[in-house]
file run-v9.tsv (TSV, N, CA and C atoms and all ligand atoms)
chain	number	residue	atom	x	y	z
A	1129	MET	N	18.04	13.04	6.37
A	1129	MET	CA	17.46	11.84	5.73
A	1129	MET	C	17.98	10.58	6.44
A	1130	ALA	N	17.09	9.63	6.61
A	1130	ALA	CA	17.47	8.38	7.25
A	1130	ALA	C	18.48	7.63	6.38
A	1131	SER	N	19.34	6.84	7.01
A	1131	SER	CA	20.25	6.02	6.22
A	1131	SER	C	19.54	4.77	5.76
A	1132	GLY	N	19.96	4.25	4.61
A	1132	GLY	CA	19.26	3.11	4.01
A	1132	GLY	C	18.23	3.59	3.01
A	1133	THR	N	17.74	2.64	2.22
A	1133	THR	CA	16.76	2.96	1.19
A	1133	THR	C	15.41	2.35	1.56
A	1134	PHE	N	14.36	3.08	1.17
A	1134	PHE	CA	13.00	2.71	1.59
A	1134	PHE	C	12.03	2.72	0.42
A	1135	VAL	N	11.03	1.86	0.48
A	1135	VAL	CA	9.79	2.04	-0.26
A	1135	VAL	C	8.66	2.01	0.76
A	1136	THR	N	7.44	2.29	0.30
A	1136	THR	CA	6.30	2.43	1.19
A	1136	THR	C	5.19	1.47	0.78
A	1137	ALA	N	4.58	0.83	1.78
A	1137	ALA	CA	3.45	-0.06	1.52
A	1137	ALA	C	2.23	0.42	2.30
A	1138	VAL	N	1.13	0.69	1.58
A	1138	VAL	CA	-0.16	0.93	2.21
A	1138	VAL	C	-0.85	-0.43	2.23
A	1139	ASN	N	-0.74	-1.06	3.40
A	1139	ASN	CA	-1.05	-2.49	3.49
A	1139	ASN	C	-2.09	-2.72	4.58
A	1140	CYS	N	-2.72	-3.90	4.54
A	1140	CYS	CA	-3.64	-4.25	5.62
A	1140	CYS	C	-2.88	-4.51	6.92
A	1141	MET	N	-3.59	-4.36	8.05
A	1141	MET	CA	-3.01	-4.70	9.34
A	1141	MET	C	-2.84	-6.20	9.54
A	1142	ASP	N	-3.47	-7.01	8.69
A	1142	ASP	CA	-3.48	-8.47	8.80
A	1142	ASP	C	-2.05	-9.03	8.88
A	1143	GLY	N	-1.78	-9.77	9.93
A	1143	GLY	CA	-0.44	-10.31	10.14
A	1143	GLY	C	0.05	-11.23	9.04
A	1144	ARG	N	-0.89	-11.80	8.28
A	1144	ARG	CA	-0.49	-12.75	7.25
A	1144	ARG	C	0.14	-12.08	6.03
A	1145	VAL	N	-0.08	-10.80	5.86
A	1145	VAL	CA	0.41	-10.14	4.64
A	1145	VAL	C	1.63	-9.25	4.87
A	1146	GLN	N	2.15	-9.20	6.09
A	1146	GLN	CA	3.29	-8.32	6.35
A	1146	GLN	C	4.55	-8.83	5.67
A	1147	ILE	N	4.99	-10.03	6.04
A	1147	ILE	CA	6.26	-10.55	5.53
A	1147	ILE	C	6.23	-10.79	4.02
A	1148	PRO	N	5.13	-11.35	3.44
A	1148	PRO	CA	5.13	-11.49	1.97
A	1148	PRO	C	5.33	-10.15	1.25
A	1149	VAL	N	4.69	-9.09	1.74
A	1149	VAL	CA	4.81	-7.79	1.07
A	1149	VAL	C	6.20	-7.20	1.27
A	1150	ILE	N	6.73	-7.31	2.47
A	1150	ILE	CA	8.08	-6.80	2.72
A	1150	ILE	C	9.10	-7.53	1.84
A	1151	ASP	N	9.01	-8.85	1.82
A	1151	ASP	CA	9.97	-9.63	1.02
A	1151	ASP	C	9.86	-9.27	-0.46
A	1152	TYR	N	8.62	-9.16	-0.97
A	1152	TYR	CA	8.41	-8.86	-2.38
A	1152	TYR	C	9.00	-7.49	-2.75
A	1153	LEU	N	8.70	-6.49	-1.94
A	1153	LEU	CA	9.14	-5.13	-2.29
A	1153	LEU	C	10.65	-4.96	-2.12
A	1154	LYS	N	11.22	-5.57	-1.09
A	1154	LYS	CA	12.68	-5.48	-0.92
A	1154	LYS	C	13.39	-6.10	-2.11
A	1155	LYS	N	12.88	-7.24	-2.57
A	1155	LYS	CA	13.51	-7.93	-3.69
A	1155	LYS	C	13.31	-7.14	-4.99
A	1156	LYS	N	12.07	-6.69	-5.23
A	1156	LYS	CA	11.76	-6.03	-6.50
A	1156	LYS	C	12.51	-4.71	-6.65
A	1157	TYR	N	12.60	-3.95	-5.55
A	1157	TYR	CA	13.19	-2.61	-5.65
A	1157	TYR	C	14.61	-2.53	-5.09
A	1158	GLY	N	15.11	-3.62	-4.54
A	1158	GLY	CA	16.47	-3.63	-4.03
A	1158	GLY	C	16.68	-2.66	-2.88
A	1159	VAL	N	15.64	-2.45	-2.06
A	1159	VAL	CA	15.74	-1.50	-0.94
A	1159	VAL	C	16.04	-2.24	0.36
A	1160	ASP	N	16.46	-1.43	1.34
A	1160	ASP	CA	16.79	-1.99	2.66
A	1160	ASP	C	15.54	-2.20	3.52
A	1161	TYR	N	14.57	-1.28	3.39
A	1161	TYR	CA	13.42	-1.29	4.31
A	1161	TYR	C	12.11	-0.99	3.58
A	1162	VAL	N	11.02	-1.49	4.18
A	1162	VAL	CA	9.68	-1.18	3.69
A	1162	VAL	C	8.90	-0.52	4.83
A	1163	ASP	N	8.55	0.76	4.64
A	1163	ASP	CA	7.70	1.44	5.63
A	1163	ASP	C	6.26	0.95	5.46
A	1164	MET	N	5.64	0.54	6.57
A	1164	MET	CA	4.28	0.00	6.53
A	1164	MET	C	3.27	1.00	7.07
A	1165	VAL	N	2.32	1.36	6.22
A	1165	VAL	CA	1.18	2.18	6.63
A	1165	VAL	C	-0.01	1.25	6.65
A	1166	THR	N	-0.49	0.91	7.86
A	1166	THR	CA	-1.51	-0.13	7.92
A	1166	THR	C	-2.83	0.37	8.50
A	1167	GLU	N	-3.88	-0.20	7.96
A	1167	GLU	CA	-5.26	-0.09	8.45
A	1167	GLU	C	-5.90	-1.44	8.13
A	1168	PRO	N	-7.07	-1.73	8.69
A	1168	PRO	CA	-7.83	-2.89	8.19
A	1168	PRO	C	-8.42	-2.54	6.82
A	1169	GLY	N	-7.91	-3.19	5.78
A	1169	GLY	CA	-8.42	-2.91	4.43
A	1169	GLY	C	-8.22	-1.48	3.98
A	1170	PRO	N	-6.99	-0.98	3.97
A	1170	PRO	CA	-6.76	0.44	3.67
A	1170	PRO	C	-7.21	0.84	2.27
A	1171	ILE	N	-7.17	-0.08	1.32
A	1171	ILE	CA	-7.54	0.31	-0.05
A	1171	ILE	C	-9.01	0.70	-0.14
A	1172	LYS	N	-9.85	0.12	0.74
A	1172	LYS	CA	-11.27	0.51	0.77
A	1172	LYS	C	-11.39	1.98	1.18
A	1173	PHE	N	-10.65	2.37	2.22
A	1173	PHE	CA	-10.72	3.76	2.70
A	1173	PHE	C	-10.28	4.74	1.61
A	1174	VAL	N	-9.15	4.45	0.98
A	1174	VAL	CA	-8.60	5.39	0.00
A	1174	VAL	C	-9.46	5.40	-1.27
A	1175	ALA	N	-9.91	4.24	-1.69
A	1175	ALA	CA	-10.71	4.18	-2.93
A	1175	ALA	C	-12.05	4.89	-2.76
A	1176	GLU	N	-12.70	4.67	-1.61
A	1176	GLU	CA	-14.03	5.26	-1.40
A	1176	GLU	C	-13.94	6.72	-0.97
A	1177	ASN	N	-12.89	7.06	-0.22
A	1177	ASN	CA	-12.63	8.45	0.22
A	1177	ASN	C	-13.81	9.05	0.98
A	1178	THR	N	-14.51	8.24	1.77
A	1178	THR	CA	-15.62	8.76	2.57
A	1178	THR	C	-15.17	9.08	4.00
A	1179	ASP	N	-14.32	8.24	4.58
A	1179	ASP	CA	-13.79	8.52	5.92
A	1179	ASP	C	-12.50	9.34	5.75
A	1180	THR	N	-12.68	10.66	5.63
A	1180	THR	CA	-11.53	11.49	5.26
A	1180	THR	C	-10.47	11.54	6.36
A	1181	ALA	N	-10.86	11.33	7.62
A	1181	ALA	CA	-9.86	11.32	8.69
A	1181	ALA	C	-8.87	10.18	8.48
A	1182	VAL	N	-9.39	9.02	8.12
A	1182	VAL	CA	-8.50	7.87	7.89
A	1182	VAL	C	-7.65	8.11	6.65
A	1183	VAL	N	-8.26	8.63	5.59
A	1183	VAL	CA	-7.51	8.86	4.35
A	1183	VAL	C	-6.40	9.90	4.60
A	1184	GLU	N	-6.72	10.95	5.35
A	1184	GLU	CA	-5.69	11.95	5.63
A	1184	GLU	C	-4.58	11.39	6.50
A	1185	SER	N	-4.94	10.49	7.42
A	1185	SER	CA	-3.91	9.84	8.23
A	1185	SER	C	-2.99	8.98	7.37
A	1186	ILE	N	-3.57	8.24	6.44
A	1186	ILE	CA	-2.76	7.43	5.54
A	1186	ILE	C	-1.85	8.33	4.71
A	1187	MET	N	-2.41	9.40	4.15
A	1187	MET	CA	-1.63	10.32	3.33
A	1187	MET	C	-0.49	10.94	4.13
A	1188	SER	N	-0.79	11.32	5.37
A	1188	SER	CA	0.23	11.92	6.22
A	1188	SER	C	1.38	10.95	6.48
A	1189	ARG	N	1.05	9.69	6.73
A	1189	ARG	CA	2.09	8.70	7.00
A	1189	ARG	C	2.89	8.37	5.75
A	1190	VAL	N	2.22	8.33	4.59
A	1190	VAL	CA	2.95	8.18	3.33
A	1190	VAL	C	3.92	9.35	3.16
A	1191	GLY	N	3.47	10.55	3.53
A	1191	GLY	CA	4.33	11.73	3.41
A	1191	GLY	C	5.58	11.64	4.26
A	1192	ILE	N	5.46	11.09	5.44
A	1192	ILE	CA	6.65	10.91	6.29
A	1192	ILE	C	7.63	9.96	5.63
A	1193	SER	N	7.11	8.88	5.07
A	1193	SER	CA	7.97	7.91	4.40
A	1193	SER	C	8.67	8.52	3.18
A	1194	VAL	N	7.92	9.32	2.43
A	1194	VAL	CA	8.47	9.96	1.23
A	1194	VAL	C	9.45	11.07	1.61
A	1195	ASN	N	9.03	11.94	2.53
A	1195	ASN	CA	9.83	13.14	2.81
A	1195	ASN	C	10.97	12.90	3.79
A	1196	LYS	N	10.80	11.99	4.71
A	1196	LYS	CA	11.84	11.75	5.71
A	1196	LYS	C	12.71	10.53	5.38
A	1197	HIS	N	12.15	9.57	4.65
A	1197	HIS	CA	12.91	8.36	4.32
A	1197	HIS	C	13.28	8.29	2.84
A	1198	GLY	N	12.83	9.26	2.07
A	1198	GLY	CA	13.22	9.29	0.65
A	1198	GLY	C	12.60	8.20	-0.20
A	1199	SER	N	11.46	7.66	0.25
A	1199	SER	CA	10.80	6.64	-0.57
A	1199	SER	C	10.37	7.23	-1.90
A	1200	LYS	N	10.57	6.46	-2.97
A	1200	LYS	CA	10.18	6.90	-4.31
A	1200	LYS	C	9.04	6.04	-4.86
A	1201	THR	N	8.64	5.03	-4.09
A	1201	THR	CA	7.62	4.09	-4.57
A	1201	THR	C	6.63	3.81	-3.47
A	1202	VAL	N	5.34	3.91	-3.79
A	1202	VAL	CA	4.28	3.59	-2.83
A	1202	VAL	C	3.38	2.52	-3.44
A	1203	ALA	N	3.21	1.43	-2.71
A	1203	ALA	CA	2.36	0.33	-3.17
A	1203	ALA	C	1.04	0.32	-2.40
A	1204	PHE	N	-0.06	0.16	-3.12
A	1204	PHE	CA	-1.38	-0.08	-2.51
A	1204	PHE	C	-1.70	-1.55	-2.68
A	1205	ILE	N	-2.14	-2.17	-1.57
A	1205	ILE	CA	-2.17	-3.63	-1.54
A	1205	ILE	C	-3.51	-4.16	-1.04
A	1206	GLY	N	-4.10	-5.05	-1.82
A	1206	GLY	CA	-5.26	-5.82	-1.38
A	1206	GLY	C	-4.85	-7.25	-1.10
A	1207	HIS	N	-5.73	-8.00	-0.45
A	1207	HIS	CA	-5.37	-9.40	-0.20
A	1207	HIS	C	-6.59	-10.29	0.00
A	1208	ASP	N	-6.36	-11.57	-0.22
A	1208	ASP	CA	-7.39	-12.59	-0.03
A	1208	ASP	C	-7.85	-12.64	1.43
A	1209	ASP	N	-9.15	-12.89	1.62
A	1209	ASP	CA	-9.71	-13.13	2.97
A	1209	ASP	C	-9.50	-11.93	3.89
A	1210	CYS	N	-9.70	-10.73	3.34
A	1210	CYS	CA	-9.49	-9.52	4.15
A	1210	CYS	C	-10.71	-9.27	5.03
A	1211	ALA	N	-10.50	-9.27	6.34
A	1211	ALA	CA	-11.61	-9.07	7.29
A	1211	ALA	C	-12.15	-7.64	7.23
A	1212	GLY	N	-11.28	-6.68	6.96
A	1212	GLY	CA	-11.69	-5.29	6.94
A	1212	GLY	C	-12.30	-4.86	5.62
A	1213	ASN	N	-12.12	-5.67	4.60
A	1213	ASN	CA	-12.56	-5.32	3.24
A	1213	ASN	C	-12.99	-6.61	2.53
A	1214	PRO	N	-14.12	-7.20	3.02
A	1214	PRO	CA	-14.48	-8.56	2.58
A	1214	PRO	C	-15.19	-8.58	1.22
A	1215	VAL	N	-14.46	-8.20	0.19
A	1215	VAL	CA	-14.99	-8.23	-1.18
A	1215	VAL	C	-14.04	-9.05	-2.05
A	1216	ASP	N	-14.54	-9.44	-3.24
A	1216	ASP	CA	-13.75	-10.36	-4.06
A	1216	ASP	C	-12.52	-9.68	-4.68
A	1217	ARG	N	-11.68	-10.52	-5.28
A	1217	ARG	CA	-10.42	-10.03	-5.82
A	1217	ARG	C	-10.62	-8.96	-6.89
A	1218	GLN	N	-11.60	-9.21	-7.76
A	1218	GLN	CA	-11.85	-8.26	-8.85
A	1218	GLN	C	-12.19	-6.88	-8.29
A	1219	THR	N	-13.03	-6.86	-7.26
A	1219	THR	CA	-13.41	-5.60	-6.64
A	1219	THR	C	-12.19	-4.94	-5.98
A	1220	GLN	N	-11.39	-5.73	-5.29
A	1220	GLN	CA	-10.20	-5.16	-4.65
A	1220	GLN	C	-9.21	-4.61	-5.67
A	1221	GLU	N	-9.08	-5.30	-6.81
A	1221	GLU	CA	-8.16	-4.80	-7.83
A	1221	GLU	C	-8.64	-3.46	-8.38
A	1222	GLN	N	-9.96	-3.29	-8.50
A	1222	GLN	CA	-10.47	-1.99	-8.92
A	1222	GLN	C	-10.22	-0.93	-7.85
A	1223	GLN	N	-10.39	-1.31	-6.58
A	1223	GLN	CA	-10.08	-0.38	-5.48
A	1223	GLN	C	-8.61	0.05	-5.55
A	1224	VAL	N	-7.73	-0.90	-5.83
A	1224	VAL	CA	-6.30	-0.58	-5.93
A	1224	VAL	C	-6.07	0.44	-7.05
A	1225	ARG	N	-6.72	0.23	-8.19
A	1225	ARG	CA	-6.57	1.19	-9.30
A	1225	ARG	C	-7.13	2.56	-8.91
A	1226	ASP	N	-8.23	2.56	-8.16
A	1226	ASP	CA	-8.81	3.83	-7.71
A	1226	ASP	C	-7.87	4.53	-6.72
A	1227	CYS	N	-7.21	3.75	-5.86
A	1227	CYS	CA	-6.22	4.32	-4.93
A	1227	CYS	C	-5.10	5.02	-5.69
A	1228	ILE	N	-4.61	4.36	-6.74
A	1228	ILE	CA	-3.51	4.93	-7.52
A	1228	ILE	C	-3.96	6.24	-8.15
A	1229	SER	N	-5.17	6.26	-8.70
A	1229	SER	CA	-5.69	7.51	-9.29
A	1229	SER	C	-5.77	8.61	-8.24
A	1230	ARG	N	-6.31	8.27	-7.06
A	1230	ARG	CA	-6.49	9.28	-6.02
A	1230	ARG	C	-5.13	9.77	-5.49
A	1231	ALA	N	-4.20	8.84	-5.30
A	1231	ALA	CA	-2.92	9.21	-4.71
A	1231	ALA	C	-2.10	10.11	-5.62
A	1232	LYS	N	-2.40	10.11	-6.93
A	1232	LYS	CA	-1.72	11.04	-7.84
A	1232	LYS	C	-1.98	12.48	-7.42
A	1233	SER	N	-3.13	12.73	-6.78
A	1233	SER	CA	-3.48	14.09	-6.36
A	1233	SER	C	-2.82	14.48	-5.03
A	1234	TRP	N	-2.11	13.56	-4.39
A	1234	TRP	CA	-1.48	13.86	-3.11
A	1234	TRP	C	-0.24	14.74	-3.26
A	1235	GLY	N	0.29	14.79	-4.48
A	1235	GLY	CA	1.36	15.74	-4.76
A	1235	GLY	C	2.76	15.26	-4.44
A	1236	PHE	N	2.93	13.97	-4.23
A	1236	PHE	CA	4.28	13.44	-3.98
A	1236	PHE	C	4.91	13.02	-5.30
A	1237	ASP	N	6.24	13.17	-5.39
A	1237	ASP	CA	6.97	12.74	-6.58
A	1237	ASP	C	7.35	11.27	-6.41
A	1238	ILE	N	6.37	10.41	-6.69
A	1238	ILE	CA	6.55	8.98	-6.41
A	1238	ILE	C	5.94	8.14	-7.53
A	1239	GLU	N	6.46	6.91	-7.62
A	1239	GLU	CA	5.83	5.89	-8.46
A	1239	GLU	C	4.75	5.20	-7.63
A	1240	LEU	N	3.58	4.99	-8.23
A	1240	LEU	CA	2.47	4.34	-7.53
A	1240	LEU	C	2.22	2.98	-8.17
A	1241	ILE	N	2.20	1.95	-7.34
A	1241	ILE	CA	1.96	0.61	-7.88
A	1241	ILE	C	0.87	-0.09	-7.06
A	1242	GLY	N	0.30	-1.15	-7.65
A	1242	GLY	CA	-0.73	-1.94	-6.99
A	1242	GLY	C	-0.32	-3.40	-6.90
A	1243	LEU	N	-0.66	-4.01	-5.75
A	1243	LEU	CA	-0.34	-5.42	-5.52
A	1243	LEU	C	-1.54	-6.14	-4.93
A	1244	TYR	N	-1.58	-7.45	-5.14
A	1244	TYR	CA	-2.61	-8.27	-4.51
A	1244	TYR	C	-1.94	-9.52	-3.94
A	1245	VAL	N	-2.25	-9.84	-2.67
A	1245	VAL	CA	-1.70	-11.04	-2.04
A	1245	VAL	C	-2.77	-12.13	-2.15
A	1246	ASN	N	-2.44	-13.17	-2.89
A	1246	ASN	CA	-3.45	-14.20	-3.20
A	1246	ASN	C	-3.62	-15.20	-2.06
A	1247	LYS	N	-4.48	-16.20	-2.28
A	1247	LYS	CA	-4.84	-17.14	-1.20
A	1247	LYS	C	-3.68	-18.01	-0.76
A	1248	ASN	N	-2.64	-18.08	-1.58
A	1248	ASN	CA	-1.41	-18.79	-1.17
A	1248	ASN	C	-0.39	-17.84	-0.56
A	1249	TRP	N	-0.82	-16.59	-0.29
A	1249	TRP	CA	0.02	-15.54	0.30
A	1249	TRP	C	1.21	-15.21	-0.58
A	1250	GLU	N	0.94	-15.31	-1.90
A	1250	GLU	CA	1.92	-14.86	-2.89
A	1250	GLU	C	1.51	-13.47	-3.37
A	1251	VAL	N	2.51	-12.63	-3.64
A	1251	VAL	CA	2.25	-11.25	-4.04
A	1251	VAL	C	2.25	-11.15	-5.56
A	1252	GLU	N	1.20	-10.56	-6.13
A	1252	GLU	CA	1.09	-10.41	-7.57
A	1252	GLU	C	0.80	-8.95	-7.91
A	1253	PRO	N	1.33	-8.47	-9.04
A	1253	PRO	CA	1.03	-7.08	-9.44
A	1253	PRO	C	-0.42	-6.93	-9.88
A	1254	VAL	N	-0.99	-5.76	-9.62
A	1254	VAL	CA	-2.30	-5.40	-10.15
A	1254	VAL	C	-2.05	-4.50	-11.34
A	1255	GLU	N	-2.54	-4.91	-12.51
A	1255	GLU	CA	-2.32	-4.11	-13.74
A	1255	GLU	C	-3.31	-2.97	-13.79
A	1301	ZN	ZN	-7.04	-7.32	5.36

call {"tool": "encode", "arguments": {"input": "run-v9.tsv", "output": "structure tokens", "more": "lines below"}}
Ligand SMILES: [Zn+2]
result
Amino acid sequence: MASGTFVTAVNCMDGRVQIPVIDYLKKKYGVDYVDMVTEPGPIKFVAENTDTAVVESIMSRVGISVNKHGSKTVAFIGHDDCAGNPVDRQTQEQQVRDCISRAKSWGFDIELIGLYVNKNWEVEPVE
């Protein structure tokens, strides 16, 4: 097992949302590191589950973070002005909830949470 503590973020590739998400998760969970699993608009892929190659790639990378780094928490994250997933906040929040439902079937012993990065690049929980 790697030294240090980790959580996992399924986050957009967008450069604007990397540091806000890392800072938020490190502070909230008191961990040393945040493993980033990125795609353009990853929540769209996982929520819709039509491009199974991408979804399996995301799942596989989450598995490395969980099994090799001991992550106990995986966050699915949407954000404002997403080029890969250009839909409104309400739609993205539903995608995040759908991701959490789907990821329960992945079989990892983890907490699943949802986040949204707003237009001021602040991170907010998705209920
Ligand atoms: Zn994006």

call {"tool": "closest_atom_pairs", "arguments": {"input": "run-v9.tsv", "of": "chain A", "to": "ligand ZN 1301 (chain A)", "cutoff": "8 Å", "atoms": "all atoms listed in the file", "output": "CSV"}}
result
residue,atom,partner,partner_atom,distance
A:Asn1139,C,A:ZN1301,ZN,6.8
A:Cys1140,CA,A:ZN1301,ZN,4.6
A:Met1141,N,A:ZN1301,ZN,5.3
A:Asp1142,N,A:ZN1301,ZN,4.9
A:Gly1143,N,A:ZN1301,ZN,7.4
A:Val1145,N,A:ZN1301,ZN,7.8
A:Glu1167,C,A:ZN1301,ZN,6.6
A:Pro1168,C,A:ZN1301,ZN,5.2
A:Gly1169,N,A:ZN1301,ZN,4.2
A:Pro1170,N,A:ZN1301,ZN,6.5
A:Ile1205,C,A:ZN1301,ZN,8.0
A:Gly1206,C,A:ZN1301,ZN,6.8
A:His1207,N,A:ZN1301,ZN,6.0
A:Asp1208,C,A:ZN1301,ZN,6.7
A:Asp1209,C,A:ZN1301,ZN,5.4
A:Cys1210,CA,A:ZN1301,ZN,3.5
A:Ala1211,N,A:ZN1301,ZN,4.1
A:Gly1212,N,A:ZN1301,ZN,4.6
A:Asn1213,N,A:ZN1301,ZN,5.4
A:Pro1214,N,A:ZN1301,ZN,7.5

call {"tool": "closest_residue", "arguments": {"input": "run-v9.tsv", "among": "A:Ile1192, A:Ile1171, A:Tyr1244, A:Thr1133", "to": "Gln1223 of chain A", "atoms": "only N, CA and C atoms"}}
result
A:Ile1171

call {"tool": "closest_residue", "arguments": {"input": "run-v9.tsv", "among": "A:Val1194, A:Ala1203, A:Val1165, A:Ala1175", "to": "Leu1240 of chain A", "atoms": "all atoms listed in the file"}}
result
A:Ala1203

call {"tool": "closest_residue", "arguments": {"input": "run-v9.tsv", "among": "A:Lys1155, A:Gly1198, A:Ile1186, A:Met1164", "to": "Gly1132 of chain A", "atoms": "only C-alpha atoms"}}
result
A:Gly1198

call {"tool": "atom_distance", "arguments": {"input": "run-v9.tsv", "atom1": "atom CA of Ile1228 of chain A", "atom2": "atom CA of Asp1179 of chain A"}}
result
17.3 Å

call {"tool": "atom_distance", "arguments": {"input": "run-v9.tsv", "atom1": "atom CA of Ala1231 of chain A", "atom2": "atom CA of Glu1250 of chain A"}}
result
24.6 Å
